[in-house]
Structure formats: C-alpha cells, structure tokens
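This is data03.txt. It holds compact mmCIF, C-alpha atoms.
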```
# COMPACT_ATOMS: atom_id res chain seq x y z
CA MET A 1 9.94 8.06 2.47
CA SER A 2 10.68 6.44 5.82
CA GLU A 3 13.64 8.79 6.33
CA ASN A 4 11.21 11.70 6.62
CA ILE A 5 9.54 10.48 9.80
CA SER A 6 9.84 12.68 12.86
CA GLN A 7 12.59 12.12 15.39
CA ASP A 8 9.95 11.34 17.99
CA GLU A 9 8.51 8.57 15.81
CA LEU A 10 11.99 7.23 15.15
CA LYS A 11 12.60 7.12 18.89
CA GLY A 12 9.46 5.02 19.29
CA ARG A 13 10.61 2.62 16.57
CA VAL A 14 14.04 2.30 18.19
CA LEU A 15 12.46 1.53 21.55
CA GLU A 16 10.29 -1.17 19.95
CA ALA A 17 13.43 -2.57 18.26
CA LEU A 18 15.18 -2.79 21.65
CA TYR A 19 12.07 -4.49 23.02
CA ARG A 20 12.05 -7.10 20.24
CA HIS A 21 15.79 -7.66 20.65
CA ALA A 22 15.33 -8.26 24.38
CA GLN A 23 13.11 -11.24 23.60
CA SER A 24 16.10 -13.17 22.23
CA GLY A 25 18.77 -12.33 24.81
CA ASP A 26 20.32 -9.82 27.15
CA ARG A 27 23.13 -8.60 24.89
CA SER A 28 23.39 -4.84 24.55
CA ILE A 29 23.57 -3.51 20.98
CA SER A 30 25.06 -0.47 19.25
CA ALA A 31 23.15 2.25 17.46
CA GLU A 32 24.23 0.72 14.14
CA GLU A 33 22.87 -2.69 15.17
CA ALA A 34 19.62 -1.10 16.35
CA GLY A 35 19.28 0.49 12.92
CA THR A 36 19.31 -2.93 11.25
CA LEU A 37 16.25 -3.89 13.30
CA ILE A 38 14.17 -0.97 11.96
CA GLU A 39 12.53 -0.72 8.56
CA GLY A 40 14.03 2.17 6.60
CA ASN A 41 17.45 3.75 6.26
CA PHE A 42 18.41 6.19 8.98
CA GLY A 43 21.70 7.95 9.62
CA LEU A 44 23.80 6.87 12.57
CA GLN A 45 23.50 10.36 14.05
CA ARG A 46 19.70 10.19 14.18
CA LEU A 47 19.83 6.72 15.70
CA GLU A 48 22.30 7.86 18.37
CA MET A 49 20.08 10.88 19.14
CA ALA A 50 17.05 8.62 19.53
CA LEU A 51 18.90 6.23 21.79
CA GLN A 52 20.35 9.00 23.95
CA SER A 53 16.87 10.47 24.30
CA LEU A 54 15.58 7.06 25.43
CA VAL A 55 18.38 6.92 27.99
CA SER A 56 17.39 10.40 29.23
CA ASN A 57 13.79 9.19 29.56
CA GLU A 58 15.09 6.11 31.44
CA PHE A 59 13.56 3.84 28.79
CA ALA A 60 17.02 2.52 27.87
CA ARG A 61 20.41 2.03 29.50
CA ALA A 62 23.78 2.77 27.95
CA SER A 63 27.13 1.02 28.43
CA TYR A 64 30.25 3.01 27.67
CA VAL A 65 33.56 1.27 26.83
CA MET A 66 36.61 3.27 25.76
CA ASN A 67 37.36 3.09 22.04
CA SER A 68 34.16 1.10 21.39
CA PRO A 69 30.69 2.14 20.24
CA THR A 70 28.19 2.83 23.00
CA LYS A 71 25.92 -0.14 23.61
CA TYR A 72 22.25 0.09 24.56
CA ARG A 73 19.59 -2.13 26.07
CA ILE A 74 15.99 -1.55 27.03
CA SER A 75 15.24 -0.75 30.67
CA GLU A 76 12.39 -2.13 32.73
CA ALA A 77 10.54 1.19 32.32
CA GLY A 78 11.06 1.01 28.55
CA TYR A 79 9.80 -2.56 28.47
CA TYR A 80 6.57 -1.55 30.17
CA GLU A 81 6.25 1.55 27.98
CA VAL A 82 6.25 -0.60 24.83
CA GLU A 83 3.72 -3.02 26.32
CA ARG A 84 1.50 -0.10 27.33
CA ALA A 85 1.64 1.33 23.78
CA VAL A 86 0.87 -2.07 22.24
CA PHE A 87 -2.04 -2.57 24.63
CA ASN A 88 -3.43 0.88 23.75
CA ARG A 89 -3.22 0.12 20.03
CA LEU A 90 -5.06 -3.16 20.53
CA GLU A 91 -7.76 -1.33 22.48
CA GLU A 92 -8.15 1.22 19.66
CA VAL A 93 -8.45 -1.53 17.05
CA GLU A 94 -11.03 -3.34 19.16
CA GLU A 95 -12.98 -0.13 19.71
CA ARG A 96 -13.03 0.65 15.98
CA SER A 97 -14.09 -2.88 15.09
CA SER A 98 -16.96 -2.68 17.58
CA ASP A 99 -18.16 0.60 16.07
CA PRO A 100 -18.95 0.06 12.38
CA LEU A 101 -19.70 3.76 11.85
CA ALA A 102 -16.23 4.70 13.10
CA THR A 103 -14.69 2.03 10.87
CA LEU A 104 -16.51 3.37 7.80
CA GLU A 105 -15.59 6.95 8.65
CA GLN A 106 -11.91 6.08 8.97
CA ARG A 107 -12.03 4.59 5.48
CA LEU A 108 -13.86 7.60 4.01
CA ILE A 109 -11.55 10.31 5.40
CA PRO A 110 -8.48 9.54 3.22
CA ALA A 111 -10.69 9.59 0.11
CA SER A 112 -12.18 13.04 0.78
CA ASP A 113 -10.67 14.54 -2.39
CA ARG A 114 -11.88 11.73 -4.67
CA MET A 115 -14.64 12.53 -7.16
CA VAL A 116 -17.18 9.72 -7.46
CA GLY A 117 -20.64 9.12 -8.88
CA PHE A 118 -23.15 6.33 -9.35
CA GLY A 119 -23.06 6.67 -13.13
CA ASP A 120 -25.06 3.88 -14.78
CA ASN A 121 -25.42 1.94 -11.53
CA GLN A 122 -29.05 2.90 -11.00
CA SER A 123 -29.73 0.21 -8.39
CA ASP A 124 -27.06 1.63 -6.04
CA ALA A 125 -28.28 5.16 -6.71
CA ASP A 126 -31.84 4.11 -5.87
CA GLU A 127 -30.62 2.44 -2.66
CA ALA A 128 -28.78 5.62 -1.66
CA LEU A 129 -31.83 7.78 -2.40
CA ALA A 130 -34.07 5.44 -0.40
CA ALA A 131 -31.67 5.60 2.56
CA ILE A 132 -31.63 9.40 2.39
CA GLU A 133 -35.43 9.50 2.29
CA ASP A 134 -35.69 7.20 5.33
CA VAL A 135 -33.22 9.36 7.23
CA SER A 136 -34.99 12.56 6.23
CA GLU A 137 -38.38 11.21 7.28
CA ALA A 138 -37.01 10.18 10.69
CA ILE A 139 -35.55 13.66 11.22
CA ARG A 140 -38.75 15.37 10.11
CA THR A 141 -40.84 13.19 12.44
CA SER A 142 -38.69 13.62 15.53
CA ASN A 143 -40.13 15.73 18.34
CA SER A 144 -36.93 16.02 20.35
CA LEU A 145 -34.53 17.70 17.90
CA ASP A 146 -33.60 21.34 18.02
CA GLU A 147 -35.51 23.03 15.21
CA ALA A 148 -32.45 24.72 13.71
CA LEU A 149 -30.49 21.45 13.69
CA ARG A 150 -33.42 19.66 12.07
CA ASP A 151 -33.91 22.25 9.32
CA GLU A 152 -30.20 22.63 8.54
CA THR A 153 -29.73 18.87 8.32
CA LEU A 154 -32.74 18.36 6.06
CA ALA A 155 -31.54 21.12 3.73
CA SER A 156 -28.03 19.69 3.67
CA VAL A 157 -28.98 16.10 2.87
CA ALA A 158 -31.50 17.35 0.27
CA SER A 159 -28.64 19.15 -1.48
CA TRP A 160 -26.66 15.92 -1.80
CA LYS A 161 -29.77 14.00 -2.80
CA GLY A 162 -30.25 16.46 -5.65
CA MET A 163 -26.73 15.71 -6.93
CA VAL A 164 -27.46 11.98 -6.99
CA GLU A 165 -30.85 12.43 -8.70
CA LYS A 166 -29.22 14.49 -11.43
CA GLY A 167 -26.45 11.90 -11.93
CA ARG A 168 -23.70 14.32 -10.92
CA ASN A 169 -20.30 13.36 -9.62
CA PHE A 170 -19.40 14.63 -6.17
CA ALA A 171 -16.37 14.70 -3.88
CA VAL A 172 -16.36 12.17 -1.06
CA GLY A 173 -15.59 15.15 1.16
CA ALA A 174 -18.84 16.78 0.04
CA PHE A 175 -20.75 13.64 1.03
CA ARG A 176 -19.05 13.69 4.43
CA PHE A 177 -19.90 17.37 4.96
CA LEU A 178 -23.46 17.39 3.58
CA VAL A 179 -24.62 13.97 4.80
CA TRP A 180 -22.32 12.04 7.10
CA ASN A 181 -21.33 14.78 9.54
CA ARG A 182 -24.84 16.29 9.57
CA ILE A 183 -26.56 13.01 10.37
CA LYS A 184 -23.95 12.19 13.00
CA ALA A 185 -24.70 15.54 14.64
CA VAL A 186 -28.40 14.63 14.74
CA ILE A 187 -27.61 11.22 16.26
CA GLU A 188 -25.49 12.93 18.91
CA GLY A 189 -28.08 15.67 19.31
CA GLY A 190 -30.51 13.52 21.26
CA ILE A 191 -32.91 12.16 18.67
CA GLU A 192 -35.28 9.47 19.97
CA ASP A 193 -33.87 5.93 20.05
CA ALA A 194 -36.35 4.61 17.49
CA TYR A 195 -35.22 7.22 14.96
CA ARG A 196 -31.60 6.92 16.01
CA TYR A 197 -31.58 3.31 14.80
CA ILE A 198 -32.93 4.44 11.43
CA LEU A 199 -30.21 7.09 11.13
CA VAL A 200 -27.43 4.68 12.06
CA GLY A 201 -28.74 2.16 9.54
CA GLY A 202 -28.91 4.87 6.89
CA LEU A 203 -25.31 5.92 7.49
CA LEU A 204 -24.12 2.31 7.32
CA THR A 205 -25.90 1.86 3.99
CA LEU A 206 -24.67 5.15 2.55
CA GLY A 207 -21.09 4.74 3.77
CA THR A 208 -20.88 1.25 2.29
CA LEU A 209 -22.28 2.48 -1.04
CA ILE A 210 -19.80 5.37 -1.23
CA LEU A 211 -16.86 3.11 -0.42
CA GLY A 212 -18.03 0.86 -3.26
CA LEU A 213 -17.55 3.78 -5.67
CA LEU A 214 -13.86 4.25 -4.80
```

Once you've parsed the file, please lay out its structure as structure tokens.
Amino acid sequence: MSENISQDELKGRVLEALYRHAQSGDRSISAEEAGTLIEGNFGLQRLEMALQSLVSNEFARASYVMNSPTKYRISEAGYYEVERAVFNRLEEVEERSSDPLATLEQRLIPASDRMVGFGDNQSDADEALAAIEDVSEAIRTSNSLDEALRDETLASVASWKGMVEKGRNFAVGAFRFLVWNRIKAVIEGGIEDAYRYILVGGLLTLGTLILGLL
C-alpha cells in the first residue's frame, strides 16, 4: 500500500508535488492541499512532517498566519533538487537502454523465485543448449582467463545445461547463479575481445529465452 512508503520517500513526493504546483502559479499551499497532489492517502501529520523537513533542508519555504494553516511553496534550491533528480533518472534510463545485458538482468531479478522450464518447447531448449555450448567453447579456448575462474564457470554452466537436457524445471534464480552471474564474471575477468562478443551474445540469447518462459 502507498501508505507504507518511508517518510523519506514521502518527502520526495511532496517536493515533486510542490514543483509541479509551481508550474501553474506562485500561490503557496497547505499540507492538506499538497496531499491532494500526491497519489495515495497520507495523514496530515505525515504530510506536515515532510513539509517541515523540506523547510529545514531549505527545499521549501513556509508562511505562517495566525489561526490559519501553514502554507508552503518550493524554494529555488528545492526546484533545482527536483530537476537534478529527474535528470539523474533520465540518465539511468538511458544507460539501461544502451546496455541490453543490464536491461535483461533488471527484468530477471524480480522473477528469481519463479520455477520455469522449456517443457515441450524443444526448439527453445535446443537454442539454449547451443548458446551454452558456444559460451563453454569460448571459455575453454581462452588463454587469458584465470584457471580457477575458467574451471568453476564451466562446471557451473554444465550443471544448468544438465537440467535443461533432462527436461527439469529450475528457478530463475538458479539460472542467474549458475549461468548469468558466472558468465558475467568471465566477461569482466578479462577474456579476449573475440570471445567476449560470443559470451555477450550467449547471455542475450539465454536471457531472452528465460524471459520468454515467465
């Protein structure tokens, strides 16, 4: 439920609400009015706490009038803070979109507990096995890898390959541990560029196949 978000996250949402409100005018608003600009139902006390914290951080300014609710507006520092956060989020999205492996990994992580299997889809199983064999051959052929890393990775991916060959179901988390993370470690471990391309291609194929099972 939205009410269970942390106070720090609520403060961020309130600041963004003040930012959006500032686009349409200079009028200061009360905590109750700020609450109507945020998705979710939050108590007035939490909203007041968030706003007072923003004032303390100099991200908002407060206007006090006797016998009237305190009114708030975003400060110049708060305005730039929201723009900085938005810019950072856009950078992260752009970075993920430019790195297909990172994009696939982000989609696999939430499904770690899911049990999947190729079942009767032999063509996808064969494609996965072929990708694993290509990856394994590249690792075996490399002359630059640490011997322990090479042997551990080959044993790990062979274990997962055995599950697929026997038609067994497996947890997505097991695939990530036995295959994805191991091959990533090899890629980051300094394998030659020619083999690195094979490994990246193998991960893209395997990640796409696993996502297709969800």

- Nearest to Arg61 in chain A by atom-to-atom distance, counting all atoms listed in the file, from A:Met49, A:Ala77, A:Leu145, A:Ala111: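 Answer, going by the shortest atom-to-atom distance: A:Ala77.
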
Atom pair CA of Glu16 in chain A / CA of Gln106 in chain A: separation (Å):
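Interatomic distance, CA of Glu16 in chain A to CA of Gln106 in chain A: 25.8 Å.
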
Restricting to only C-alpha atoms, whichever of A:Asn67, A:Tyr79, A:Val116, A:Trp180 is closest to Gln23 in chain A is A:Tyr79

Practice task
Within 7 Å of range 125-142 of chain A, counting all atoms listed in the file, which residues show up once you throw out same-chain ones fewer than 5 positions away? Write them as a VMD selection string, please.
Solution key: chain A and resid 118 150 154 161 164 191 to 192 195 198 to 199 202 206

Requested write-out: C-alpha atoms of the selected residues, as a PDB file, in the coordinates of the input:
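Okay, this is what ended up in selection16.pdb:
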```pdb
ATOM      1  CA  PHE A 118     -23.150   6.330  -9.350  1.00  0.00           C
ATOM      2  CA  ARG A 150     -33.420  19.660  12.070  1.00  0.00           C
ATOM      3  CA  LEU A 154     -32.740  18.360   6.060  1.00  0.00           C
ATOM      4  CA  LYS A 161     -29.770  14.000  -2.800  1.00  0.00           C
ATOM      5  CA  VAL A 164     -27.460  11.980  -6.990  1.00  0.00           C
ATOM      6  CA  ILE A 191     -32.910  12.160  18.670  1.00  0.00           C
ATOM      7  CA  GLU A 192     -35.280   9.470  19.970  1.00  0.00           C
ATOM      8  CA  TYR A 195     -35.220   7.220  14.960  1.00  0.00           C
ATOM      9  CA  ILE A 198     -32.930   4.440  11.430  1.00  0.00           C
ATOM     10  CA  LEU A 199     -30.210   7.090  11.130  1.00  0.00           C
ATOM     11  CA  GLY A 202     -28.910   4.870   6.890  1.00  0.00           C
ATOM     12  CA  LEU A 206     -24.670   5.150   2.550  1.00  0.00           C
TER      13      LEU A 206
END
```

For Leu47 in chain A, work out the shell of residues within 10 Å, counting only C-alpha atoms and skipping chain neighbours fewer than 4 positions away, then give it as a compact mmCIF listing (two decimals) with C-alpha atoms, keeping the file's coordinate frame.
```txt
# COMPACT_ATOMS: atom_id res chain seq x y z
CA GLN A 7 12.59 12.12 15.39
CA LEU A 10 11.99 7.23 15.15
CA LYS A 11 12.60 7.12 18.89
CA VAL A 14 14.04 2.30 18.19
CA SER A 30 25.06 -0.47 19.25
CA ALA A 31 23.15 2.25 17.46
CA GLU A 32 24.23 0.72 14.14
CA GLU A 33 22.87 -2.69 15.17
CA ALA A 34 19.62 -1.10 16.35
CA GLY A 35 19.28 0.49 12.92
CA PHE A 42 18.41 6.19 8.98
CA GLY A 43 21.70 7.95 9.62
CA LEU A 51 18.90 6.23 21.79
CA GLN A 52 20.35 9.00 23.95
CA SER A 53 16.87 10.47 24.30
```

Could you list, as a PDB file with C-alpha atoms, in the frame of the given file, every residue within 12 Å of Ile29 in chain A, counting only C-alpha atoms and ignoring same-chain residues fewer than 3 positions away?
```pdb
ATOM      1  CA  VAL A  14      14.040   2.300  18.190  1.00  0.00           C
ATOM      2  CA  ALA A  17      13.430  -2.570  18.260  1.00  0.00           C
ATOM      3  CA  LEU A  18      15.180  -2.790  21.650  1.00  0.00           C
ATOM      4  CA  TYR A  19      12.070  -4.490  23.020  1.00  0.00           C
ATOM      5  CA  HIS A  21      15.790  -7.660  20.650  1.00  0.00           C
ATOM      6  CA  ALA A  22      15.330  -8.260  24.380  1.00  0.00           C
ATOM      7  CA  GLY A  25      18.770 -12.330  24.810  1.00  0.00           C
ATOM      8  CA  ASP A  26      20.320  -9.820  27.150  1.00  0.00           C
ATOM      9  CA  GLU A  32      24.230   0.720  14.140  1.00  0.00           C
ATOM     10  CA  GLU A  33      22.870  -2.690  15.170  1.00  0.00           C
ATOM     11  CA  ALA A  34      19.620  -1.100  16.350  1.00  0.00           C
ATOM     12  CA  GLY A  35      19.280   0.490  12.920  1.00  0.00           C
ATOM     13  CA  THR A  36      19.310  -2.930  11.250  1.00  0.00           C
ATOM     14  CA  LEU A  37      16.250  -3.890  13.300  1.00  0.00           C
ATOM     15  CA  GLU A  48      22.300   7.860  18.370  1.00  0.00           C
ATOM     16  CA  LEU A  51      18.900   6.230  21.790  1.00  0.00           C
ATOM     17  CA  ALA A  60      17.020   2.520  27.870  1.00  0.00           C
ATOM     18  CA  ARG A  61      20.410   2.030  29.500  1.00  0.00           C
ATOM     19  CA  ALA A  62      23.780   2.770  27.950  1.00  0.00           C
ATOM     20  CA  SER A  63      27.130   1.020  28.430  1.00  0.00           C
ATOM     21  CA  TYR A  64      30.250   3.010  27.670  1.00  0.00           C
ATOM     22  CA  SER A  68      34.160   1.100  21.390  1.00  0.00           C
ATOM     23  CA  PRO A  69      30.690   2.140  20.240  1.00  0.00           C
ATOM     24  CA  THR A  70      28.190   2.830  23.000  1.00  0.00           C
ATOM     25  CA  LYS A  71      25.920  -0.140  23.610  1.00  0.00           C
ATOM     26  CA  TYR A  72      22.250   0.090  24.560  1.00  0.00           C
ATOM     27  CA  ARG A  73      19.590  -2.130  26.070  1.00  0.00           C
ATOM     28  CA  ILE A  74      15.990  -1.550  27.030  1.00  0.00           C
TER      29      ILE A  74
END
```

What is the distance, in Å and to one decimal place, between CA of Gly167 in chain A and CA of Gly119 in chain A?
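CA of Gly119 in chain A lies 6.3 Å from CA of Gly167 in chain A.
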
From CA of Asp120 in chain A to CA of Ile183 in chain A the spacing works out at 26.8 Å

**Report entry** Option closest in space to Thr205 in chain A, from A:Ala50, A:Ala158, A:Leu108, A:Leu101 [counting all atoms listed in the file]
**Finding:**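 Answer, going by the shortest atom-to-atom distance: A:Leu101.
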